[in-house]
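Structure file input-v8.txt; described as compact mmCIF, C-alpha atoms.
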# COMPACT_ATOMS: atom_id res chain seq x y z
CA MET A 6 34.03 -9.78 -2.25
CA ILE A 7 32.57 -7.84 -5.14
CA ALA A 8 35.97 -6.50 -6.12
CA THR A 9 37.46 -9.96 -6.61
CA THR A 10 34.51 -11.24 -8.60
CA LEU A 11 34.76 -8.24 -10.90
CA THR A 12 38.42 -8.76 -11.72
CA GLN A 13 38.13 -12.49 -12.16
CA GLY A 14 34.80 -12.65 -13.88
CA GLY A 15 36.27 -12.36 -17.33
CA GLU A 16 38.67 -15.26 -17.02
CA HIS A 17 36.01 -17.88 -16.43
CA ASP A 18 33.58 -18.59 -19.17
CA ARG A 19 32.09 -21.72 -17.66
CA PRO A 20 28.35 -21.93 -18.20
CA GLY A 21 26.53 -20.96 -15.04
CA THR A 22 29.10 -18.38 -14.05
CA LEU A 23 28.05 -15.93 -16.74
CA LEU A 24 26.37 -13.70 -14.20
CA MET A 25 29.50 -13.35 -12.10
CA GLU A 26 29.93 -9.65 -12.77
CA HIS A 27 26.44 -9.02 -11.43
CA ALA A 28 26.60 -11.52 -8.60
CA GLY A 29 25.53 -8.94 -6.04
CA PRO A 30 25.93 -9.53 -2.30
CA ALA A 31 27.31 -12.90 -1.24
CA SER A 32 24.97 -15.53 0.15
CA LYS A 33 24.31 -15.58 3.86
CA ARG A 34 26.20 -18.87 4.18
CA ILE A 35 29.37 -17.25 2.84
CA VAL A 36 28.99 -14.09 4.91
CA THR A 37 28.42 -16.04 8.13
CA ALA A 38 31.28 -18.47 7.56
CA TYR A 39 33.60 -15.63 6.53
CA GLY A 40 32.78 -13.67 9.67
CA PHE A 41 33.46 -16.74 11.75
CA TRP A 42 36.74 -17.26 9.87
CA ILE A 43 37.78 -13.74 10.96
CA PHE A 44 36.89 -14.65 14.56
CA ILE A 45 39.00 -17.82 14.35
CA LEU A 46 41.97 -15.84 13.03
CA SER A 47 41.61 -13.38 15.91
CA ASP A 48 41.51 -16.34 18.28
CA MET A 49 44.78 -17.51 16.71
CA VAL A 50 46.25 -14.06 17.38
CA MET A 51 45.21 -14.38 21.02
CA PHE A 52 46.86 -17.80 21.23
CA SER A 53 50.00 -16.35 19.64
CA ALA A 54 50.26 -13.96 22.60
CA PHE A 55 50.07 -16.92 24.99
CA PHE A 56 52.66 -18.78 22.90
CA ALA A 57 54.96 -15.76 23.02
CA THR A 58 54.53 -15.58 26.81
CA PHE A 59 55.32 -19.26 27.15
CA ALA A 60 58.37 -19.06 24.87
CA VAL A 61 59.77 -16.14 26.86
CA LEU A 62 59.14 -17.78 30.26
CA SER A 63 59.92 -21.40 29.39
CA ARG A 64 63.37 -21.32 31.08
CA GLN A 65 62.24 -19.44 34.20
CA THR A 66 61.64 -22.45 36.42
CA ALA A 67 62.61 -20.68 39.70
CA GLY A 68 64.53 -23.76 40.83
CA GLY A 69 61.46 -25.93 40.23
CA PRO A 70 60.96 -28.81 37.82
CA SER A 71 61.46 -28.22 34.09
CA GLY A 72 59.36 -29.57 31.23
CA ALA A 73 61.74 -32.45 30.59
CA GLU A 74 61.15 -33.73 34.14
CA LEU A 75 57.38 -33.27 34.10
CA PHE A 76 56.03 -34.23 30.69
CA ASP A 77 54.94 -37.75 29.76
CA LEU A 78 55.23 -37.87 25.98
CA ARG A 79 53.19 -41.09 25.69
CA ASN A 80 50.17 -39.29 27.14
CA VAL A 81 50.72 -36.40 24.75
CA ALA A 82 50.89 -38.78 21.78
CA ILE A 83 47.56 -40.36 22.78
CA GLU A 84 46.00 -36.90 23.20
CA THR A 85 47.29 -35.89 19.77
CA VAL A 86 45.84 -38.96 18.07
CA CYS A 87 42.48 -38.42 19.84
CA LEU A 88 42.19 -34.82 18.69
CA LEU A 89 43.40 -35.59 15.16
CA LEU A 90 40.88 -38.42 14.75
CA SER A 91 38.09 -36.23 16.16
CA SER A 92 38.98 -33.55 13.60
CA PHE A 93 38.77 -36.20 10.86
CA VAL A 94 35.41 -37.53 12.07
CA CYS A 95 34.13 -33.94 12.34
CA GLY A 96 34.99 -33.57 8.63
CA LEU A 97 32.88 -36.65 7.89
CA ALA A 98 30.05 -35.09 9.92
CA SER A 99 30.13 -31.96 7.78
CA ILE A 100 29.94 -34.12 4.63
CA ALA A 101 26.92 -35.90 6.13
CA ALA A 102 25.35 -32.51 6.90
CA ASP A 103 25.88 -31.37 3.30
CA VAL A 104 24.10 -34.44 1.89
CA ARG A 105 21.47 -34.16 4.66
CA ASN A 106 21.98 -37.62 6.08
CA ARG A 107 20.74 -37.42 9.67
CA PHE A 108 21.92 -40.85 10.79
CA TRP A 109 25.54 -40.51 9.70
CA PHE A 110 25.63 -36.91 10.93
CA GLN A 111 24.64 -37.97 14.44
CA VAL A 112 27.01 -40.95 14.39
CA ALA A 113 29.97 -38.83 13.24
CA MET A 114 29.20 -36.04 15.73
CA ALA A 115 28.94 -38.60 18.55
CA GLY A 116 32.34 -39.98 17.50
CA THR A 117 33.79 -36.46 17.48
CA CYS A 118 32.36 -35.90 20.96
CA VAL A 119 33.76 -39.14 22.41
CA LEU A 120 37.25 -38.46 21.02
CA GLY A 121 37.12 -34.87 22.28
CA LEU A 122 36.08 -36.05 25.74
CA ALA A 123 38.90 -38.62 25.75
CA PHE A 124 41.34 -35.79 24.97
CA LEU A 125 39.93 -33.65 27.77
CA PHE A 126 39.99 -36.54 30.24
CA ILE A 127 43.70 -37.20 29.62
CA GLU A 128 44.49 -33.48 29.88
CA VAL A 129 42.61 -33.01 33.16
CA ARG A 130 44.33 -36.10 34.58
CA GLU A 131 47.72 -34.67 33.56
CA PHE A 132 46.93 -31.31 35.21
CA ALA A 133 45.78 -33.04 38.39
CA SER A 134 48.95 -35.12 38.60
CA LEU A 135 51.11 -32.03 38.05
CA VAL A 136 49.38 -30.16 40.88
CA GLU A 137 49.67 -33.23 43.08
CA ARG A 138 53.43 -33.37 42.50
CA GLY A 139 53.73 -29.75 43.63
CA ALA A 140 54.09 -28.41 40.08
CA GLY A 141 50.94 -26.30 40.00
CA PRO A 142 50.57 -22.97 38.21
CA THR A 143 51.92 -21.07 41.23
CA ARG A 144 55.24 -22.97 41.35
CA SER A 145 57.17 -20.99 38.71
CA ALA A 146 56.75 -18.56 35.82
CA PHE A 147 57.26 -21.48 33.44
CA LEU A 148 54.39 -23.43 34.98
CA SER A 149 52.11 -20.36 35.08
CA ALA A 150 52.65 -19.88 31.35
CA PHE A 151 52.22 -23.61 30.72
CA PHE A 152 48.89 -23.83 32.55
CA THR A 153 47.60 -20.64 30.93
CA LEU A 154 48.43 -21.78 27.39
CA VAL A 155 47.40 -25.43 27.62
CA GLY A 156 44.44 -24.62 29.87
CA CYS A 157 43.16 -22.02 27.42
CA HIS A 158 43.21 -24.63 24.65
CA GLY A 159 41.46 -27.12 26.95
CA LEU A 160 38.80 -24.51 27.71
CA HIS A 161 38.24 -24.04 23.98
CA VAL A 162 37.83 -27.82 23.54
CA SER A 163 35.30 -27.91 26.42
CA LEU A 164 33.27 -25.10 24.87
CA GLY A 165 33.53 -26.86 21.50
CA ILE A 166 32.03 -30.02 23.00
CA LEU A 167 29.12 -28.02 24.45
CA TRP A 168 28.56 -26.48 21.01
CA LEU A 169 28.81 -29.94 19.40
CA LEU A 170 26.09 -31.36 21.68
CA THR A 171 23.91 -28.31 20.92
CA MET A 172 24.28 -28.94 17.19
CA MET A 173 23.34 -32.61 17.60
CA ALA A 174 20.22 -31.60 19.52
CA GLN A 175 19.29 -28.90 17.00
CA VAL A 176 19.63 -31.26 14.04
CA PHE A 177 17.62 -33.84 15.96
CA THR A 178 14.71 -31.48 16.63
CA LYS A 179 14.82 -29.04 13.68
CA GLY A 180 16.58 -30.97 10.92
CA PHE A 181 18.98 -29.49 8.38
CA ARG A 182 17.47 -26.00 8.15
CA ALA A 183 19.56 -23.37 6.39
CA ASP A 184 20.42 -21.54 9.62
CA ILE A 185 21.44 -24.80 11.30
CA GLN A 186 23.62 -25.73 8.31
CA ARG A 187 25.40 -22.39 8.77
CA ARG A 188 26.04 -23.18 12.42
CA ILE A 189 27.43 -26.59 11.46
CA VAL A 190 29.85 -24.94 9.02
CA CYS A 191 31.04 -22.58 11.78
CA PHE A 192 31.38 -25.43 14.27
CA ALA A 193 33.49 -27.47 11.82
CA LEU A 194 35.77 -24.46 11.29
CA PHE A 195 36.13 -24.04 15.06
CA TRP A 196 36.93 -27.70 15.67
CA HIS A 197 39.53 -27.94 12.89
CA ALA A 198 41.14 -24.71 14.12
CA LEU A 199 41.47 -26.20 17.63
CA ASP A 200 43.38 -29.11 16.13
CA ILE A 201 45.72 -26.71 14.32
CA ILE A 202 46.44 -24.93 17.61
CA TRP A 203 47.10 -28.29 19.26
CA VAL A 204 49.73 -29.09 16.59
CA ALA A 205 51.63 -25.93 17.55
CA LEU A 206 51.06 -26.74 21.20
CA PHE A 207 52.39 -30.29 21.32
CA SER A 208 55.36 -29.34 19.13
CA ILE A 209 56.46 -26.23 21.00
CA VAL A 210 55.38 -26.95 24.57
CA TYR A 211 55.81 -30.71 24.90
CA LEU A 212 58.32 -31.84 22.25
CA LEU A 213 60.65 -28.82 22.44
CA GLY A 214 60.14 -28.67 26.22
CA SER A 215 61.30 -32.23 26.75
CA ALA A 216 64.06 -32.07 24.11
CA THR A 217 65.98 -29.31 25.86
CA MET B 9 21.30 -12.28 1.26
CA SER B 10 19.16 -15.34 0.72
CA ASP B 11 20.42 -18.89 1.10
CA GLN B 12 19.23 -19.82 -2.37
CA SER B 13 21.67 -17.49 -4.06
CA HIS B 14 24.39 -19.85 -2.84
CA ASP B 15 23.37 -22.33 -5.54
CA LEU B 16 22.72 -19.83 -8.34
CA TYR B 17 26.21 -18.49 -8.82
CA ARG B 18 29.25 -19.69 -7.01
CA ALA B 19 31.41 -16.59 -7.13
CA ASP B 20 33.03 -17.26 -3.77
CA LEU B 21 33.43 -20.17 -1.40
CA ALA B 22 32.88 -19.95 2.33
CA PRO B 23 35.92 -20.92 4.41
CA GLY B 24 35.75 -24.64 5.11
CA GLU B 25 33.70 -25.31 1.99
CA GLU B 26 34.89 -27.51 -0.85
CA SER B 27 34.48 -26.49 -4.46
CA GLU B 28 33.22 -29.75 -5.95
CA GLY B 29 33.34 -33.53 -5.78
CA GLY B 30 31.08 -36.38 -4.72
CA ILE B 31 30.93 -37.93 -1.27
CA ARG B 32 33.58 -40.55 -2.01
CA LEU B 33 36.00 -37.96 -3.34
CA ARG B 34 35.44 -35.72 -0.33
CA VAL B 35 35.91 -38.58 2.16
CA LEU B 36 39.08 -39.55 0.28
CA GLY B 37 40.35 -35.99 0.75
CA TYR B 38 39.88 -36.25 4.53
CA VAL B 39 41.52 -39.70 4.58
CA VAL B 40 44.58 -38.36 2.72
CA GLY B 41 44.75 -35.43 5.14
CA LEU B 42 44.50 -37.75 8.14
CA GLY B 43 47.24 -40.01 6.75
CA LEU B 44 49.62 -37.11 6.11
CA ALA B 45 48.91 -35.57 9.52
CA LEU B 46 49.51 -38.89 11.30
CA LEU B 47 52.75 -39.38 9.37
CA LEU B 48 54.00 -35.90 10.29
CA THR B 49 52.95 -36.33 13.95
CA ALA B 50 54.73 -39.69 14.16
CA THR B 51 57.89 -38.20 12.60
CA SER B 52 57.74 -35.31 15.06
CA PHE B 53 57.51 -37.57 18.11
CA PHE B 54 60.20 -39.86 16.70
CA VAL B 55 62.63 -37.00 16.04
CA ALA B 56 62.08 -35.57 19.53
CA GLY B 57 63.26 -38.76 21.23
CA THR B 58 65.93 -40.08 18.91
CA ASP B 59 69.72 -40.04 19.06
CA LEU B 60 70.05 -40.80 15.37
CA VAL B 61 70.20 -37.20 14.18
CA TRP B 62 72.49 -34.30 15.00
CA GLN B 63 71.07 -32.97 18.28
CA PRO B 64 71.03 -29.19 17.55
CA SER B 65 68.91 -29.86 14.46
CA ILE B 66 66.06 -31.38 16.49
CA PRO B 67 64.26 -28.13 17.52
CA VAL B 68 64.41 -26.86 13.94
CA ALA B 69 63.08 -30.17 12.64
CA ILE B 70 60.18 -30.13 15.14
CA VAL B 71 59.20 -26.56 14.19
CA VAL B 72 59.38 -27.35 10.45
CA LEU B 73 57.29 -30.52 10.89
CA ALA B 74 54.70 -28.56 12.92
CA ILE B 75 54.40 -25.91 10.21
CA ALA B 76 54.05 -28.63 7.57
CA GLN B 77 51.31 -30.33 9.57
CA MET B 78 49.42 -27.06 10.05
CA GLY B 79 49.62 -26.65 6.27
CA VAL B 80 48.15 -30.14 5.79
CA HIS B 81 45.28 -29.25 8.15
CA VAL B 82 44.57 -25.98 6.35
CA VAL B 83 44.49 -27.65 2.92
CA PHE B 84 42.76 -30.97 3.64
CA PHE B 85 40.48 -30.10 6.58
CA LEU B 86 39.75 -26.39 6.12
CA HIS B 87 39.90 -26.60 2.30
CA ILE B 88 41.69 -23.29 1.90
CA THR B 89 43.01 -23.29 -1.68
CA THR B 90 44.68 -20.79 -3.98
CA GLY B 91 41.69 -20.76 -6.33
CA PRO B 92 39.90 -17.51 -7.26
CA ASP B 93 36.85 -18.56 -5.21
CA ASN B 94 39.04 -18.52 -2.09
CA THR B 95 40.81 -15.16 -2.46
CA ASN B 96 39.11 -13.52 0.52
CA ASN B 97 39.72 -16.49 2.82
CA VAL B 98 43.42 -16.60 1.88
CA MET B 99 43.83 -12.84 2.34
CA ALA B 100 42.34 -13.01 5.84
CA LEU B 101 44.53 -16.03 6.66
CA PHE B 102 47.70 -14.26 5.50
CA PHE B 103 46.84 -11.20 7.57
CA GLY B 104 46.35 -13.48 10.58
CA ILE B 105 49.70 -15.18 9.94
CA LEU B 106 51.39 -11.77 9.66
CA ILE B 107 50.10 -10.70 13.07
CA VAL B 108 51.00 -14.05 14.66
CA VAL B 109 54.56 -13.84 13.29
CA LEU B 110 54.92 -10.23 14.48
CA VAL B 111 53.66 -11.03 17.99
CA ILE B 112 55.75 -14.17 18.52
CA GLY B 113 58.87 -13.08 16.64
CA GLY B 114 58.80 -9.58 18.12
CA SER B 115 58.37 -10.82 21.69
CA LEU B 116 61.21 -13.31 21.40
CA TRP B 117 63.48 -10.76 19.77
CA ILE B 118 62.88 -8.01 22.33
CA MET B 119 63.02 -10.31 25.35
CA SER B 120 66.26 -11.99 24.25
CA ASN B 121 67.78 -8.54 23.73
CA LEU B 122 66.71 -7.48 27.22
CA ASN B 123 68.09 -10.68 28.72
CA HIS B 124 71.35 -10.13 26.91
CA ASN B 125 71.69 -6.54 28.12
CA MET B 126 70.66 -7.16 31.71
CA MET B 127 73.34 -7.31 34.38
CA PRO B 128 73.61 -10.72 36.11
CA MET B 129 71.44 -10.88 39.22
CA ASN B 130 74.29 -11.29 41.75
CA GLN B 131 75.96 -8.11 40.47
CA ILE B 132 72.73 -6.15 40.92
CA ILE B 133 72.46 -7.36 44.53
CA GLN B 134 76.09 -6.41 45.16
CA MET B 135 75.47 -2.90 43.83
CA GLN B 136 72.42 -2.49 46.04
CA GLN B 137 74.43 -3.56 49.08
CA MET B 138 77.19 -1.07 48.25
CA GLN B 139 74.73 1.79 48.10
CA GLU B 140 73.32 1.09 51.53
As structure tokens, what does this structure read like?
Amino acid sequence: MIATTLTQGGEHDRPGTLLMEHAGPASKRIVTAYGFWIFILSDMVMFSAFFATFAVLSRQTAGGPSGAELFDLRNVAIETVCLLLSSFVCGLASIAADVRNRFWFQVAMAGTCVLGLAFLFIEVREFASLVERGAGPTRSAFLSAFFTLVGCHGLHVSLGILWLLTMMAQVFTKGFRADIQRRIVCFALFWHALDIIWVALFSIVYLLGSAT
Amino acid sequence: MSDQSHDLYRADLAPGEESEGGIRLRVLGYVVGLGLALLLTATSFFVAGTDLVWQPSIPVAIVVLAIAQMGVHVVFFLHITTGPDNTNNVMALFFGILIVVLVIGGSLWIMSNLNHNMMPMNQIIQMQQMQE
């Protein structure tokens, strides 16, 4: 971080940035969020391995049902809207956290939680109906890869909701302390990243799967 | 490493942080992002089920729309910009994208090659029976 500030310090002569060359170590907020950003990118790399597995195995149905026969795109559209709206409301929550407005923070986080739970509910129902129809993860290589990939994302959303409730409780009891603000920044990054993974997921797994 | 230094000099921005703007401007940013994302999602779902376009173009269109929507999310929700205060975030992101492209592209490439070079299954069974 010091290297970039050194090279760019001279170009900006705005008042207040005069000390850029001697900025010293970055603030703890930046270091924490940057570290978490690296974690999120490594999570994306892990998901890319699952995506690669799915793409390779997507035609290996072993005589069983294919995606086109199994997927209900209306459900997927509702899931997508739920997760997208929850990402939007989570953004509003991080604005409320920045201006230290407790009421709107709790309202926005509760909205994020409800939309996330709606997403999870639809997904669990879809999984249950697949297993019921004899299309569980043991049916074919395609379904194993499908359940691994989509299930891993669902697991991330579940953990995200636990984290979300923890943040609501911490703000309720401790207020917007600096360390709690840092956790909120990390949580917002995590939640938006989950939505990005879902975009890849519904496009590649569901839309491409039912198109071919 | 104190939290106060964050306000003294803003040399860098944390990922997910916005550079400036009041509440209304920031909310507007999220609203624009939501609108674009909804538009791209709707187009994606429409293209997947339509007969109006040339069929072989549909998978390409879906992939392009997905990449566009991920870009919208990165810009409007994660606030990753090309500004000098974001250099480190962008560098990390590009490294991540590089690895993702290598893993997915490499797997597909190698596996399609293997599939192409493999003898059809019934011929393998025939050969095994001849040996016995």
>> At a cut-off of 8 Å, which residues of chain B touch chain A? Count all atoms listed in the file and give the answer as a PyMOL selection string.
In response: chain B and resi 9-14+16-24+31+34-35+38-39+42+45-46+52-53+56-57+66-67+70-71+74-75+77-78+81+85-86+92+95-97+100-101+104+107-108+111-113+115-116+119
> Got a sec: who's within 8 Å of range 170-178 of chain A, counting only C-alpha atoms, leaving out chain neighbours fewer than 3 positions off, as a PyMOL selection string?
Replying inline: chain A and resi 107+111+114+118+166-167+181+185+188-189
Residue subset to file, keeping C-alpha atoms, as a compact mmCIF listing (two decimals), in the frame of the given file:
# COMPACT_ATOMS: atom_id res chain seq x y z
CA ARG A 107 20.74 -37.42 9.67
CA GLN A 111 24.64 -37.97 14.44
CA MET A 114 29.20 -36.04 15.73
CA CYS A 118 32.36 -35.90 20.96
CA ILE A 166 32.03 -30.02 23.00
CA LEU A 167 29.12 -28.02 24.45
CA PHE A 181 18.98 -29.49 8.38
CA ILE A 185 21.44 -24.80 11.30
CA ARG A 188 26.04 -23.18 12.42
CA ILE A 189 27.43 -26.59 11.46
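Nearest to Leu75 in chain A of all the residues A:Thr117, A:Ser91, A:Ser134, A:Thr143 is A:Ser134, based on only C-alpha atoms.
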>> Between CA of Leu60 in chain B and CA of Asn80 in chain A, what is the distance in Å, rounded to a tenth?
In response: 23.2 Å
>> What does the structure give for the distance between CA of Asn121 in chain B and CA of Val109 in chain B, in Å to one decimal?
In response: 17.7 Å
> Looking at all atoms listed in the file, which of A:Phe59, A:Pro70, A:Leu160, A:Trp196 is the one that sits closest to Ala140 in chain A?
Replying inline: A:Pro70
>> Excluding Phe126 in chain A and its own-chain neighbours fewer than 5 positions away, which residues fall within 12 Å of it when counting all atoms listed in the file? Please give them as JSON, numbers by chain.
In response: {"A": [80, 83, 84, 87, 88, 119, 120, 121, 131, 132, 133, 159, 162, 163]}
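Between CA of Arg182 in chain A and CA of Arg105 in chain A the interatomic distance comes to 9.7 Å.
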